[in-house]
Amino acid sequence: MTTFPKRIALLGSTGSIGRQTLDVVRRFPEHFRIVAMAARSNVDLLAQQVQEFQPELVTCFADTPEVEAKARRLLPQALIGEQGLLAVATHSDADIVVAATSGLVGLMPTLAAIGAGKTIALANKETLVMAGHLVTQAAQRVGVPIYPIDSEHSAIWQCLRGEETSSIHRLLLTASGGPFRATPLEELKTVTVKQALAHPTWSMGPKITIDSATLMNKALEVIESHWLFGVPYEKMEVVVHPESIIHSMVEFIDGSVKMQASLPSMHLPIMNALAYPDRLDSAETDFIRELRWADVASLHFEDLDLERFPCFRLAVEAGKRGGTYPCVLVGADEEAVELFLTRKISYIEIAQLIDAALERHQSIEQPDVAATLDACAWARRTVRELWKKRA
Ligand SMILES: NC(=O)C1=CN([C@@H]2O[C@H](COP(=O)(O)OP(=O)(O)OC[C@H]3O[C@@H](n4cnc5c(N)ncnc54)[C@H](OP(=O)(O)O)[C@@H]3O)[C@@H](O)[C@H]2O)C=CC1
Ligand SMILES: CC(=O)[C@@H](O)[C@H](O)COP(=O)(O)O
Ligand SMILES: [Mn+2]
């Protein structure tokens with residue numbers, strides 16, 4: 001039987017997933033309590049959240065001296081600096097850690113949380129992509145569960161309840177196709193950051209939104225599925241579904257297909273991960289609207305256009321090759337997306353730089369944590385150097 005309230009440590013409280021997690025906690029105070037929270041630079045919002053949720057521990061990474069000064073002024077009780085994420089992830093009062101920072105910074109706190117025996121509610125997909133073997137082995141060793149928050153994985157997780165992995169014929173991950181699904185190929189050379197950030201169905205942080213535009217996000221999700229559900233790459237397919245209402249499907253060996261549908265809102269997968277094995281009543285919320293027949297009357301599905309989205313092939317290939325290739329993928333992507341967001345490279349150069357970094361890499365098998373982080377750092381440096389040579 002579940003004991004409520006569950007006590008939550010929230011990594012990335014000021015982000016898109018972090019804020020939606022707090023919406024859920026705010027709505028179900030008898031079910032959840034925030035005991036610790038961490039953010040990087042949005043001190044104003046973090047201070048408001050601390051005021052409202054009264055965590056026992058708050059930390060701010062503070063990536064510049066200005067942010068640090070502000071954090072010391074507005075949050076004198078906060079732990080400042082890089083140790084903060086680890087302290088939040090291992091807080092002794094937390095039952096469950098919501099891993100919702102963006103990018104590769106998610107790995108170490110997630111491993112630390114597992115080591116401390118915490119249940120993981122995982123939004124940060126980069127963690128499993130770059131270190132799937134380390135994270136899943138650690139979780140198995142300690143005996144802690146990893147509940148997915150990513151919408152596709154939440155859908156698959158729900159479809160698999162009561163089923164055997166041996167009954168899976170294939171996983172079908174849906175992809176919205178992003179803002180450039182139908183853009184003439186020639187125009188992709190000149191698309192802007194603003195256009196790339198205009199996701200057709202989801203409102204998310206900038207890194208994942210650009211990954212959705214390049215379809216890197218979907219490839220990361222294929223790799224994430226491999227680790228979460230233990231399904232080989234040959235048994236996974238991606239189908240473009242522009243409405244983002246079917247969040248993914250599982251086809252079983254007898255031909256039956258289960259799919260999970262809901263309007264695009266991350267509140268539902270967050271609620272699912274936090275409340276598992278229970279389900280909370282969404283009628284009690286103002287952020288989840290029930291699905292009406294009109295919403296599903298006209299749904300569309302298309303094949304994925306691999307020529308349009310070179311990042312997809314590059315990334316799945318890196319996942320299949322294994323070793324340190326997935327670490328390089330995550331590091332190179334993080335750097336290339338940063339260069340694009342700061343308007344230093346064009347949209348099509350994202351894939352070119354990631355490709356060049358993967359080409360140059362000498363992979364090692366079964367990397368440990370240090371080798372994983374080294375490979376990510378090497379990839380970031382390599383992308384930056386390649387860009388400087390071009391510029
Ligand atoms: N948004 C979504 O709908 C979905 C997101 N995900 C995944 O969830 C993760 C989070 O995404 P999203 O919420 O969109 O991202 P955002 O960019 O909106 O938020 C990122 C959060 O992480 C914090 N953060 C970043 N670096 C650090 C650091 N070094 N120390 C402490 N905090 C840090 C940010 O703090 P600050 O704001 O102060 O800078 C912010 O709170 C990503 O891995 C993404 O792929 C998966 C599925 C859906
Ligand atoms: C909400 C969520 O889970 C995102 O990861 C979503 O999948 C992004 O949409 P795309 O299908 O465009 O990548
Ligand atoms: Mn997703």
# chains A, B, ... in the order shown; residues from 1 in each chain; ligands from 1
$ closest_atom_pairs --of "region 76-145 of chain A" --to "region 191-213 of chain A" --cutoff "12 Å" --atoms "only C-alpha atoms" --output "tab-separated table"
residue	atom	partner	partner_atom	distance
A:Ala100	CA	A:Gly205	CA	10.6
A:Thr101	CA	A:Gly205	CA	10.0
A:Ser102	CA	A:Lys207	CA	7.3
A:Gly103	CA	A:Lys207	CA	7.7
A:Leu104	CA	A:Lys207	CA	11.3
A:Ala123	CA	A:Ile208	CA	11.1
A:Asn124	CA	A:Ile208	CA	9.9
A:Lys125	CA	A:Ile208	CA	9.7
A:Glu126	CA	A:Ile208	CA	10.3
$ residues_near_ligand --ligand "ligand 3" --cutoff "12 Å" --atoms "only C-alpha atoms and all ligand atoms" --output "PyMOL selection string"
chain A and resi 17+122-126+148-156+173-178+201-204+208-209+211-212+215-225+244+246-248+264-266+269
$ residues_around --residues "region 373-384 of chain A" --least-positions-apart "4" --cutoff "7 Å" --atoms "only C-alpha atoms" --output "ChimeraX atom specification"
/A:324,327-328,330-332,335-336,353,357,369,388
$ write_last_selection --atoms "C-alpha atoms" --output "short mmCIF file (atom, residue, chain, number, x, y, z; two decimals), in the first residue's frame"
data_model
loop_
_atom_site.label_atom_id
_atom_site.label_comp_id
_atom_site.auth_asym_id
_atom_site.auth_seq_id
_atom_site.Cartn_x
_atom_site.Cartn_y
_atom_site.Cartn_z
CA THR A 324 31.24 5.83 -25.85
CA CYS A 327 28.18 9.85 -24.80
CA VAL A 328 29.68 11.67 -27.75
CA VAL A 330 24.85 13.66 -26.12
CA GLY A 331 27.86 15.96 -25.66
CA ALA A 332 28.04 16.95 -29.33
CA GLU A 335 27.14 21.87 -27.73
CA ALA A 336 25.70 22.11 -31.26
CA LEU A 353 28.84 19.04 -36.42
CA ALA A 357 32.37 14.59 -33.90
CA VAL A 369 31.41 7.02 -15.15
CA LYS A 388 35.77 27.78 -34.70
#
$ closest_residue --among "A:Thr214, A:Gln366, A:Gln83, A:Thr90" --to "Ile350 (chain A)" --atoms "only C-alpha atoms"
A:Thr214
$ closest_residue --among "A:Leu11, A:Ala99, A:Pro179, A:Val24" --to "Val58 (chain A)" --atoms "only C-alpha atoms"
A:Leu11
$ decode --residues "region 107-138 of chain A" --atoms "N, CA and C atoms" --output "compact mmCIF listing (two decimals), in the first residue's frame"
# COMPACT_ATOMS: atom_id res chain seq x y z
N LEU A 107 23.21 13.32 -15.18
CA LEU A 107 23.72 11.97 -14.89
C LEU A 107 24.16 11.76 -13.43
N MET A 108 25.06 12.62 -12.96
CA MET A 108 25.66 12.36 -11.64
C MET A 108 24.62 12.39 -10.50
N PRO A 109 23.72 13.39 -10.48
CA PRO A 109 22.71 13.34 -9.42
C PRO A 109 21.80 12.13 -9.50
N THR A 110 21.52 11.67 -10.72
CA THR A 110 20.65 10.49 -10.84
C THR A 110 21.36 9.26 -10.29
N LEU A 111 22.63 9.12 -10.64
CA LEU A 111 23.39 7.98 -10.09
C LEU A 111 23.49 8.07 -8.56
N ALA A 112 23.68 9.30 -8.06
CA ALA A 112 23.78 9.48 -6.61
C ALA A 112 22.45 9.13 -5.94
N ALA A 113 21.35 9.54 -6.56
CA ALA A 113 20.03 9.24 -5.99
C ALA A 113 19.79 7.74 -5.95
N ILE A 114 20.18 7.06 -7.01
CA ILE A 114 20.03 5.60 -7.03
C ILE A 114 20.87 4.99 -5.91
N GLY A 115 22.11 5.47 -5.80
CA GLY A 115 22.99 4.96 -4.74
C GLY A 115 22.39 5.17 -3.36
N ALA A 116 21.61 6.24 -3.21
CA ALA A 116 20.99 6.52 -1.91
C ALA A 116 19.63 5.82 -1.76
N GLY A 117 19.29 4.99 -2.74
CA GLY A 117 18.08 4.18 -2.62
C GLY A 117 16.79 4.90 -2.96
N LYS A 118 16.87 6.00 -3.69
CA LYS A 118 15.65 6.76 -4.03
C LYS A 118 14.98 6.18 -5.27
N THR A 119 13.67 6.22 -5.28
CA THR A 119 12.92 5.96 -6.51
C THR A 119 13.19 7.12 -7.48
N ILE A 120 13.37 6.79 -8.76
CA ILE A 120 13.67 7.84 -9.73
C ILE A 120 12.46 8.07 -10.64
N ALA A 121 12.02 9.32 -10.75
CA ALA A 121 11.04 9.71 -11.76
C ALA A 121 11.85 10.47 -12.81
N LEU A 122 12.06 9.84 -13.95
CA LEU A 122 13.08 10.32 -14.89
C LEU A 122 12.49 11.08 -16.07
N ALA A 123 12.80 12.38 -16.13
CA ALA A 123 12.46 13.15 -17.33
C ALA A 123 13.69 13.29 -18.21
N ASN A 124 14.86 13.44 -17.57
CA ASN A 124 16.10 13.74 -18.29
C ASN A 124 16.58 12.53 -19.11
N LYS A 125 16.28 12.55 -20.41
CA LYS A 125 16.58 11.38 -21.25
C LYS A 125 18.06 11.22 -21.52
N GLU A 126 18.82 12.35 -21.48
CA GLU A 126 20.26 12.27 -21.78
C GLU A 126 20.96 11.30 -20.83
N THR A 127 20.48 11.23 -19.59
CA THR A 127 21.07 10.34 -18.59
C THR A 127 21.11 8.89 -19.09
N LEU A 128 19.98 8.40 -19.58
CA LEU A 128 19.94 7.00 -20.03
C LEU A 128 20.66 6.82 -21.36
N VAL A 129 20.65 7.87 -22.19
CA VAL A 129 21.31 7.73 -23.48
C VAL A 129 22.82 7.59 -23.29
N MET A 130 23.39 8.45 -22.44
CA MET A 130 24.85 8.41 -22.33
C MET A 130 25.35 7.32 -21.38
N ALA A 131 24.51 6.87 -20.48
CA ALA A 131 25.01 5.90 -19.49
C ALA A 131 23.94 4.88 -19.14
N GLY A 132 23.24 4.38 -20.15
CA GLY A 132 22.14 3.44 -19.90
C GLY A 132 22.59 2.22 -19.11
N HIS A 133 23.76 1.67 -19.48
CA HIS A 133 24.21 0.45 -18.80
C HIS A 133 24.55 0.74 -17.35
N LEU A 134 25.16 1.91 -17.08
CA LEU A 134 25.54 2.23 -15.69
C LEU A 134 24.30 2.49 -14.83
N VAL A 135 23.36 3.22 -15.39
CA VAL A 135 22.17 3.60 -14.62
C VAL A 135 21.28 2.39 -14.35
N THR A 136 21.05 1.59 -15.38
CA THR A 136 20.14 0.45 -15.17
C THR A 136 20.79 -0.61 -14.28
N GLN A 137 22.10 -0.81 -14.45
CA GLN A 137 22.78 -1.79 -13.57
C GLN A 137 22.75 -1.31 -12.11
N ALA A 138 23.01 -0.01 -11.91
CA ALA A 138 23.00 0.53 -10.54
C ALA A 138 21.60 0.38 -9.94
